[in-house]
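Trainee: As input, take target.cif (mmCIF, C-alpha atoms):
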data_coords
#
loop_
_atom_site.group_PDB
_atom_site.id
_atom_site.type_symbol
_atom_site.label_atom_id
_atom_site.label_comp_id
_atom_site.auth_asym_id
_atom_site.auth_seq_id
_atom_site.Cartn_x
_atom_site.Cartn_y
_atom_site.Cartn_z
ATOM 1 C CA GLY Q 6 0.000 0.000 0.000
ATOM 2 C CA ASP Q 7 0.870 3.654 0.059
ATOM 3 C CA SER Q 8 3.040 4.884 2.902
ATOM 4 C CA VAL Q 9 5.062 7.793 4.203
ATOM 5 C CA THR Q 10 8.211 7.536 6.323
ATOM 6 C CA GLN Q 11 9.686 10.551 8.034
ATOM 7 C CA THR Q 12 12.405 11.434 10.516
ATOM 8 C CA GLU Q 13 11.663 10.008 13.905
ATOM 9 C CA GLY Q 14 11.501 12.640 16.582
ATOM 10 C CA PRO Q 15 11.889 14.402 18.769
ATOM 11 C CA VAL Q 16 14.353 16.611 16.971
ATOM 12 C CA THR Q 17 16.055 19.384 18.937
ATOM 13 C CA VAL Q 18 17.741 22.266 17.156
ATOM 14 C CA SER Q 19 19.163 25.511 18.462
ATOM 15 C CA GLU Q 20 17.665 28.746 17.275
ATOM 16 C CA SER Q 21 19.193 30.059 14.021
ATOM 17 C CA GLU Q 22 20.541 26.631 13.095
ATOM 18 C CA SER Q 23 19.463 24.818 9.945
ATOM 19 C CA LEU Q 24 16.891 22.042 9.873
ATOM 20 C CA ILE Q 25 16.080 19.094 7.679
ATOM 21 C CA ILE Q 26 13.275 16.639 8.311
ATOM 22 C CA ASN Q 27 13.418 13.695 5.952
ATOM 23 C CA CYS Q 28 10.354 12.301 4.219
ATOM 24 C CA THR Q 29 10.200 9.432 1.775
ATOM 25 C CA TYR Q 30 7.078 7.949 0.284
ATOM 26 C CA SER Q 31 5.832 4.848 -1.444
ATOM 27 C CA ALA Q 32 2.971 5.437 -3.846
ATOM 28 C CA THR Q 33 2.170 1.987 -5.143
ATOM 29 C CA SER Q 34 -1.456 2.755 -5.993
ATOM 30 C CA ILE Q 35 -1.116 6.417 -6.938
ATOM 31 C CA ALA Q 36 -0.090 7.356 -10.451
ATOM 32 C CA TYR Q 37 0.322 11.076 -9.777
ATOM 33 C CA PRO Q 38 1.136 11.766 -6.141
ATOM 34 C CA ASN Q 39 0.621 15.102 -4.484
ATOM 35 C CA LEU Q 40 2.914 15.816 -1.556
ATOM 36 C CA PHE Q 41 2.243 17.932 1.509
ATOM 37 C CA TRP Q 42 3.754 19.128 4.727
ATOM 38 C CA TYR Q 43 1.349 19.884 7.546
ATOM 39 C CA VAL Q 44 2.288 21.410 10.900
ATOM 40 C CA ARG Q 45 0.615 21.208 14.287
ATOM 41 C CA TYR Q 46 1.445 23.882 16.821
ATOM 42 C CA PRO Q 47 0.753 23.160 20.505
ATOM 43 C CA GLY Q 48 -2.952 23.179 21.258
ATOM 44 C CA GLU Q 49 -3.976 23.595 17.635
ATOM 45 C CA GLY Q 50 -5.076 21.417 14.746
ATOM 46 C CA LEU Q 51 -2.906 20.495 11.805
ATOM 47 C CA GLN Q 52 -2.549 23.180 9.182
ATOM 48 C CA LEU Q 53 -1.103 23.079 5.717
ATOM 49 C CA LEU Q 54 2.469 24.334 5.553
ATOM 50 C CA LEU Q 55 3.197 23.673 1.895
ATOM 51 C CA LYS Q 56 2.272 21.418 -0.973
ATOM 52 C CA VAL Q 57 3.739 20.382 -4.310
ATOM 53 C CA ILE Q 58 1.769 18.565 -6.968
ATOM 54 C CA THR Q 59 4.358 18.337 -9.750
ATOM 55 C CA ALA Q 60 7.517 16.261 -9.606
ATOM 56 C CA GLY Q 61 10.678 18.353 -9.699
ATOM 57 C CA GLN Q 62 8.987 21.426 -8.259
ATOM 58 C CA LYS Q 63 9.745 23.107 -4.956
ATOM 59 C CA GLY Q 64 7.240 24.445 -2.482
ATOM 60 C CA SER Q 65 7.983 27.076 0.109
ATOM 61 C CA SER Q 66 6.243 28.787 3.000
ATOM 62 C CA ARG Q 67 7.308 30.646 6.141
ATOM 63 C CA GLY Q 68 10.973 30.021 5.298
ATOM 64 C CA PHE Q 69 10.464 26.283 4.860
ATOM 65 C CA GLU Q 70 11.161 24.541 1.552
ATOM 66 C CA ALA Q 71 10.585 21.068 0.166
ATOM 67 C CA THR Q 72 11.349 19.650 -3.273
ATOM 68 C CA TYR Q 73 9.322 16.833 -4.812
ATOM 69 C CA ASN Q 74 11.927 14.309 -6.007
ATOM 70 C CA LYS Q 75 10.307 11.515 -7.964
ATOM 71 C CA GLU Q 76 13.581 9.644 -8.551
ATOM 72 C CA THR Q 77 14.348 9.274 -4.865
ATOM 73 C CA THR Q 78 10.658 9.376 -3.819
ATOM 74 C CA SER Q 79 11.512 12.040 -1.282
ATOM 75 C CA PHE Q 80 10.053 15.310 -0.060
ATOM 76 C CA HIS Q 81 12.427 16.542 2.637
ATOM 77 C CA LEU Q 82 11.544 19.665 4.605
ATOM 78 C CA GLN Q 83 14.316 22.217 5.101
ATOM 79 C CA LYS Q 84 14.800 25.562 6.741
ATOM 80 C CA ALA Q 85 18.014 27.552 6.789
ATOM 81 C CA SER Q 86 17.515 29.209 10.155
ATOM 82 C CA VAL Q 87 14.882 28.032 12.622
ATOM 83 C CA GLN Q 88 13.141 30.130 15.235
ATOM 84 C CA GLU Q 89 11.725 29.180 18.591
ATOM 85 C CA SER Q 90 8.235 29.682 17.148
ATOM 86 C CA ASP Q 91 8.881 26.808 14.722
ATOM 87 C CA SER Q 92 8.591 24.331 17.595
ATOM 88 C CA ALA Q 93 5.768 22.054 16.491
ATOM 89 C CA VAL Q 94 4.980 18.637 15.050
ATOM 90 C CA TYR Q 95 5.522 18.311 11.297
ATOM 91 C CA TYR Q 96 3.678 15.753 9.186
ATOM 92 C CA CYS Q 97 4.537 14.673 5.684
ATOM 93 C CA ALA Q 98 1.552 13.472 3.651
ATOM 94 C CA LEU Q 99 0.815 11.850 0.314
ATOM 95 C CA GLY Q 100 -2.312 12.347 -1.763
ATOM 96 C CA ASP Q 101 -3.710 11.171 -5.040
ATOM 97 C CA ARG Q 102 -4.284 13.833 -7.667
ATOM 98 C CA ASN Q 103 -6.920 11.730 -9.363
ATOM 99 C CA MET Q 104 -8.684 10.541 -6.251
ATOM 100 C CA GLY Q 105 -8.023 13.543 -4.132
ATOM 101 C CA TYR Q 106 -10.065 12.730 -1.086
ATOM 102 C CA LYS Q 107 -7.629 10.673 0.909
ATOM 103 C CA LEU Q 108 -4.285 11.628 2.409
ATOM 104 C CA THR Q 109 -1.749 9.196 3.809
ATOM 105 C CA PHE Q 110 0.224 10.738 6.667
ATOM 106 C CA GLY Q 111 3.584 10.012 8.178
ATOM 107 C CA THR Q 112 3.958 9.600 11.932
ATOM 108 C CA GLY Q 113 4.913 13.215 12.521
ATOM 109 C CA THR Q 114 8.220 14.678 13.658
ATOM 110 C CA SER Q 115 8.277 16.704 16.845
ATOM 111 C CA LEU Q 116 10.625 19.673 16.569
ATOM 112 C CA LEU Q 117 11.876 21.591 19.577
ATOM 113 C CA VAL Q 118 13.858 24.744 18.952
ATOM 114 C CA ASP Q 119 16.059 25.832 21.834
ATOM 115 C CA PRO Q 120 16.216 29.608 22.272
ATOM 116 C CA ASP W 122 -13.275 32.862 9.845
ATOM 117 C CA MET W 123 -12.422 29.390 8.517
ATOM 118 C CA LYS W 124 -12.663 27.019 11.405
ATOM 119 C CA VAL W 125 -13.160 23.399 12.319
ATOM 120 C CA THR W 126 -14.380 22.956 15.872
ATOM 121 C CA GLN W 127 -14.196 19.732 17.806
ATOM 122 C CA MET W 128 -15.967 18.983 21.026
ATOM 123 C CA PRO W 129 -15.032 18.004 23.611
ATOM 124 C CA ARG W 130 -11.270 18.557 23.807
ATOM 125 C CA TYR W 131 -10.788 15.902 26.475
ATOM 126 C CA LEU W 132 -13.007 12.977 27.329
ATOM 127 C CA ILE W 133 -12.704 10.079 29.746
ATOM 128 C CA LYS W 134 -15.050 7.133 29.407
ATOM 129 C CA ARG W 135 -15.321 3.659 30.820
ATOM 130 C CA MET W 136 -15.137 0.566 28.661
ATOM 131 C CA GLY W 137 -18.562 -0.296 27.305
ATOM 132 C CA GLU W 138 -19.908 3.245 27.409
ATOM 133 C CA ASN W 139 -21.075 5.017 24.286
ATOM 134 C CA VAL W 140 -19.035 7.926 23.013
ATOM 135 C CA LEU W 141 -20.036 10.808 20.779
ATOM 136 C CA LEU W 142 -17.425 13.077 19.257
ATOM 137 C CA GLU W 143 -18.702 16.106 17.441
ATOM 138 C CA CYS W 144 -17.188 18.206 14.712
ATOM 139 C CA GLY W 145 -18.386 21.381 13.059
ATOM 140 C CA GLN W 146 -17.085 23.555 10.261
ATOM 141 C CA ASP W 147 -18.156 26.972 9.066
ATOM 142 C CA MET W 148 -16.803 26.793 5.519
ATOM 143 C CA SER W 149 -19.596 24.811 3.819
ATOM 144 C CA HIS W 150 -17.042 22.192 2.920
ATOM 145 C CA GLU W 151 -18.460 19.117 1.218
ATOM 146 C CA THR W 152 -15.928 16.581 2.427
ATOM 147 C CA MET W 153 -15.186 15.805 6.050
ATOM 148 C CA TYR W 154 -12.946 13.273 7.736
ATOM 149 C CA TRP W 155 -12.293 11.535 11.001
ATOM 150 C CA TYR W 156 -8.728 10.483 11.770
ATOM 151 C CA ARG W 157 -7.124 9.061 14.855
ATOM 152 C CA GLN W 158 -3.514 9.286 15.896
ATOM 153 C CA ASP W 159 -1.662 6.988 18.247
ATOM 154 C CA PRO W 160 1.952 7.260 19.413
ATOM 155 C CA GLY W 161 4.354 6.128 16.708
ATOM 156 C CA LEU W 162 1.674 5.975 14.044
ATOM 157 C CA GLY W 163 0.569 8.417 11.428
ATOM 158 C CA LEU W 164 -2.930 9.742 11.269
ATOM 159 C CA GLN W 165 -5.181 6.836 10.380
ATOM 160 C CA LEU W 166 -8.350 7.485 8.429
ATOM 161 C CA ILE W 167 -11.518 6.206 10.066
ATOM 162 C CA TYR W 168 -14.270 7.607 7.854
ATOM 163 C CA ILE W 169 -14.791 10.074 5.023
ATOM 164 C CA SER W 170 -18.003 11.900 4.377
ATOM 165 C CA TYR W 171 -18.492 13.365 0.907
ATOM 166 C CA ASP W 172 -21.658 15.214 1.850
ATOM 167 C CA VAL W 173 -24.842 14.768 3.879
ATOM 168 C CA ASP W 174 -25.613 11.054 4.295
ATOM 169 C CA SER W 175 -22.777 10.112 1.932
ATOM 170 C CA ASN W 176 -20.198 8.381 4.078
ATOM 171 C CA SER W 177 -17.458 5.946 3.258
ATOM 172 C CA GLU W 178 -15.227 3.749 5.368
ATOM 173 C CA GLY W 179 -11.612 4.685 5.690
ATOM 174 C CA ASP W 180 -8.768 2.400 6.617
ATOM 175 C CA ILE W 181 -9.815 1.554 10.179
ATOM 176 C CA PRO W 182 -13.634 1.823 10.460
ATOM 177 C CA LYS W 183 -14.180 -1.151 12.749
ATOM 178 C CA GLY W 184 -15.761 -0.131 16.040
ATOM 179 C CA TYR W 185 -16.876 3.265 14.738
ATOM 180 C CA ARG W 186 -19.806 4.763 12.950
ATOM 181 C CA VAL W 187 -20.524 8.246 11.735
ATOM 182 C CA SER W 188 -23.427 10.541 11.140
ATOM 183 C CA ARG W 189 -23.722 13.539 8.864
ATOM 184 C CA LYS W 190 -27.189 15.055 8.716
ATOM 185 C CA LYS W 191 -26.057 18.599 8.001
ATOM 186 C CA ARG W 192 -23.163 19.654 5.820
ATOM 187 C CA GLU W 193 -21.513 21.551 8.674
ATOM 188 C CA HIS W 194 -21.645 18.751 11.249
ATOM 189 C CA PHE W 195 -19.953 15.370 11.288
ATOM 190 C CA SER W 196 -20.174 13.070 14.294
ATOM 191 C CA LEU W 197 -18.110 10.046 15.252
ATOM 192 C CA ILE W 198 -19.828 7.455 17.410
ATOM 193 C CA LEU W 199 -18.261 4.662 19.386
ATOM 194 C CA ASP W 200 -20.861 2.162 20.494
ATOM 195 C CA SER W 201 -19.513 0.372 23.552
ATOM 196 C CA ALA W 202 -16.055 1.902 23.683
ATOM 197 C CA LYS W 203 -12.992 -0.269 24.055
ATOM 198 C CA THR W 204 -9.706 0.498 25.747
ATOM 199 C CA ASN W 205 -7.858 0.238 22.416
ATOM 200 C CA GLN W 206 -9.904 3.189 21.168
ATOM 201 C CA THR W 207 -7.969 5.449 23.521
ATOM 202 C CA SER W 208 -6.461 7.926 21.109
ATOM 203 C CA VAL W 209 -6.436 11.458 19.819
ATOM 204 C CA TYR W 210 -9.171 12.004 17.259
ATOM 205 C CA PHE W 211 -8.979 14.660 14.574
ATOM 206 C CA CYS W 212 -11.741 15.948 12.391
ATOM 207 C CA ALA W 213 -10.954 17.674 9.112
ATOM 208 C CA SER W 214 -12.771 19.186 6.178
ATOM 209 C CA THR W 215 -12.013 20.176 2.626
ATOM 210 C CA LEU W 216 -13.931 21.916 -0.119
ATOM 211 C CA GLY W 217 -13.725 19.204 -2.736
ATOM 212 C CA SER W 218 -10.442 17.437 -3.132
ATOM 213 C CA ALA W 219 -7.904 16.732 -0.414
ATOM 214 C CA GLU W 220 -5.473 19.408 -1.508
ATOM 215 C CA THR W 221 -5.906 21.398 1.650
ATOM 216 C CA LEU W 222 -7.474 19.888 4.715
ATOM 217 C CA TYR W 223 -8.593 22.061 7.586
ATOM 218 C CA PHE W 224 -8.244 20.331 10.919
ATOM 219 C CA GLY W 225 -9.818 20.712 14.301
ATOM 220 C CA SER W 226 -7.691 20.827 17.438
ATOM 221 C CA GLY W 227 -8.414 17.214 18.292
ATOM 222 C CA THR W 228 -10.206 15.299 21.019
ATOM 223 C CA ARG W 229 -8.134 13.269 23.414
ATOM 224 C CA LEU W 230 -10.259 10.252 24.359
ATOM 225 C CA THR W 231 -9.299 7.949 27.188
ATOM 226 C CA VAL W 232 -11.241 4.715 27.629
ATOM 227 C CA LEU W 233 -10.644 3.110 31.019
#
Translate this structure into structure tokens?
Mentor:
Amino acid sequence: GDSVTQTEGPVTVSESESLIINCTYSATSIAYPNLFWYVRYPGEGLQLLLKVITAGQKGSSRGFEATYNKETTSFHLQKASVQESDSAVYYCALGDRNMGYKLTFGTGTSLLVDP
Amino acid sequence: DMKVTQMPRYLIKRMGENVLLECGQDMSHETMYWYRQDPGLGLQLIYISYDVDSNSEGDIPKGYRVSRKKREHFSLILDSAKTNQTSVYFCASTLGSAETLYFGSGTRLTVL
């Protein structure tokens, strides 16, 4: 079946350091995957951080970037300089462009940024 | 204001009791979801609702049922709750496709 594997947390990074959270996917039943990063801040629901629907393209939001790499089936999340306010749980997710109702989520990566 | 509201935020029940989790959205979204998340697992899809009275099982529907009588409300029902249904439950909605899901803050259910 379809699956998403991401960096196991918790991940602790000092403020202003760089960050990468790895995400790889397996889309055995999806011909044209859409890829997403969602974020959940403490006490809130998940919210979309960024999405990319075309292989080879990069998405960006709030200083975060992720590139959809079809060859390596990866969608790693990166940020050059994290802030304390980035402390949250980050979820990589996989969707089907042609049957767009269902998302498959990774386990989530808890990020703690030390001030 | 685009919002998905879940009630209650925390709930403790005894095994065998009935549980009702409620979800509302103010965006007139057609599609709504119930997910659960357990430690070390991703969000697992329980049910999808495509509109009023148009519901479909997700990946783990056993032990759950849903009700959607109005577009803005989607309920998850556990008849005779079990201890392995202790989890955090998330409701979500989307306008049509799953490109952007809007999530509620979650309900932490403990079944003793």
Trainee: Residues of chain Q near chain W: apply a cut-off of 9 Å, count all atoms listed in the file, and supply the list as a list in words.
Mentor: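 Per the criterion, chain Q yields Val9, Glu13, Asn39, Phe41, Arg45, Gly48, Glu49, Gly50, Leu51, Gln52, Leu53, Lys56, Tyr96, Gly100, Asp101, Arg102, Met104, Gly105, Tyr106, Lys107, Leu108, Thr109, Phe110, Gly111, Thr112 and Gly113 of chain Q.
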Trainee: Name the residues in contact with range 71-77 of chain Q at a cut-off of 12 Å, using all atoms listed in the file, excluding same-chain residues fewer than 5 positions from it; report them as a compact mmCIF listing (two decimals) with C-alpha atoms, in the frame of the given file.
Mentor:
# COMPACT_ATOMS: atom_id res chain seq x y z
CA LEU Q 24 16.89 22.04 9.87
CA ILE Q 25 16.08 19.09 7.68
CA ILE Q 26 13.28 16.64 8.31
CA ASN Q 27 13.42 13.70 5.95
CA CYS Q 28 10.35 12.30 4.22
CA THR Q 29 10.20 9.43 1.78
CA TYR Q 30 7.08 7.95 0.28
CA SER Q 31 5.83 4.85 -1.44
CA ALA Q 32 2.97 5.44 -3.85
CA ALA Q 36 -0.09 7.36 -10.45
CA TYR Q 37 0.32 11.08 -9.78
CA PRO Q 38 1.14 11.77 -6.14
CA ASN Q 39 0.62 15.10 -4.48
CA LEU Q 40 2.91 15.82 -1.56
CA PHE Q 41 2.24 17.93 1.51
CA TRP Q 42 3.75 19.13 4.73
CA TYR Q 43 1.35 19.88 7.55
CA LEU Q 54 2.47 24.33 5.55
CA LEU Q 55 3.20 23.67 1.90
CA LYS Q 56 2.27 21.42 -0.97
CA VAL Q 57 3.74 20.38 -4.31
CA ILE Q 58 1.77 18.57 -6.97
CA THR Q 59 4.36 18.34 -9.75
CA ALA Q 60 7.52 16.26 -9.61
CA GLY Q 61 10.68 18.35 -9.70
CA GLN Q 62 8.99 21.43 -8.26
CA LYS Q 63 9.74 23.11 -4.96
CA GLY Q 64 7.24 24.44 -2.48
CA SER Q 65 7.98 27.08 0.11
CA SER Q 66 6.24 28.79 3.00
CA LEU Q 82 11.54 19.66 4.61
CA GLN Q 83 14.32 22.22 5.10
CA LYS Q 84 14.80 25.56 6.74
CA ALA Q 85 18.01 27.55 6.79
CA CYS Q 97 4.54 14.67 5.68
CA ALA Q 98 1.55 13.47 3.65
CA LEU Q 99 0.82 11.85 0.31
Trainee: Counting only C-alpha atoms, note down every residue that has an atom within 9 Å of the point (15.3, 15.1, 21.2) (file coordinates), as an mmCIF file with C-alpha atoms, keeping the file's coordinate frame.
Mentor:
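Below you can see out_5.cif, which holds the result:
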data_model
loop_
_atom_site.group_PDB
_atom_site.id
_atom_site.type_symbol
_atom_site.label_atom_id
_atom_site.label_comp_id
_atom_site.auth_asym_id
_atom_site.auth_seq_id
_atom_site.Cartn_x
_atom_site.Cartn_y
_atom_site.Cartn_z
ATOM 1 C CA GLY Q 14 11.501 12.640 16.582
ATOM 2 C CA PRO Q 15 11.889 14.402 18.769
ATOM 3 C CA VAL Q 16 14.353 16.611 16.971
ATOM 4 C CA THR Q 17 16.055 19.384 18.937
ATOM 5 C CA VAL Q 18 17.741 22.266 17.156
ATOM 6 C CA SER Q 115 8.277 16.704 16.845
ATOM 7 C CA LEU Q 116 10.625 19.673 16.569
ATOM 8 C CA LEU Q 117 11.876 21.591 19.577
#
Trainee: Identify which of the residues Q:Ser79, Q:Ser34, Q:Ser21, Q:Thr12 lies closest to Asp91 in chain Q, counting all atoms listed in the file when measuring atom-to-atom distances.
Mentor: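 Going through Q:Ser79, Q:Ser34, Q:Ser21, Q:Thr12 one by one, the smallest distance to Asp91 in chain Q is for Q:Ser21.
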Trainee: Using all atoms listed in the file, which of the listed residues (W:Met123, W:Val187, W:Leu141, W:Val232) sits closest to Leu216 in chain W?
Mentor: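 Closest residue, counting all atoms listed in the file: W:Met123.
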Trainee: Figure out the distance between CA of Val87 in chain Q and CA of Glu20 in chain Q, please, to one decimal in Å.
Mentor: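 A separation of 5.5 Å between them.
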Trainee: Translate the PyMOL selection byres ((chain W and resi 204) around 10) into a concrete residue list for this structure, as a compact mmCIF listing (two decimals) with C-alpha atoms, in the frame of the given file.
Mentor:
# COMPACT_ATOMS: atom_id res chain seq x y z
CA LYS W 134 -15.05 7.13 29.41
CA ARG W 135 -15.32 3.66 30.82
CA MET W 136 -15.14 0.57 28.66
CA GLY W 137 -18.56 -0.30 27.30
CA ALA W 202 -16.06 1.90 23.68
CA LYS W 203 -12.99 -0.27 24.06
CA ASN W 205 -7.86 0.24 22.42
CA GLN W 206 -9.90 3.19 21.17
CA THR W 207 -7.97 5.45 23.52
CA SER W 208 -6.46 7.93 21.11
CA LEU W 230 -10.26 10.25 24.36
CA THR W 231 -9.30 7.95 27.19
CA VAL W 232 -11.24 4.72 27.63
CA LEU W 233 -10.64 3.11 31.02
Trainee: Of the candidates W:Glu178, W:Asp172, W:Glu138, W:Asp147, which one gets nearest to Lys190 in chain W if we count only C-alpha atoms?
Mentor: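 Answer, going by the shortest atom-to-atom distance: W:Asp172.
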Trainee: Would you compute the box with edges along x, y and z of the file around range 28-38 of chain Q, including every atom the file lists for it and 8 Å extra on each side, and give its centre and edge lengths in Å to one decimal, as lines of an AutoDock Vina configuration file?
Mentor:
center_x = 4.4
center_y = 7.1
center_z = -3.1
size_x = 27.8
size_y = 26.3
size_z = 30.7
Trainee: Can you measure CA of Arg192 in chain W to CA of Glu151 in chain W for me? One decimal in Å is fine.
Mentor: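 Those two atoms sit 6.6 Å apart.
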Trainee: Which is closer to Ile198 in chain W than all the others in W:Gly145, W:Ser175, W:Pro129, W:Tyr185, using only C-alpha atoms?
Mentor: W:Tyr185
Trainee: List the residues selected by the PyMOL selection byres ((chain W and resi 229) around 6) in the file shown, writing them as a PyMOL selection string.
Mentor: chain W and resi 131+209+228+230
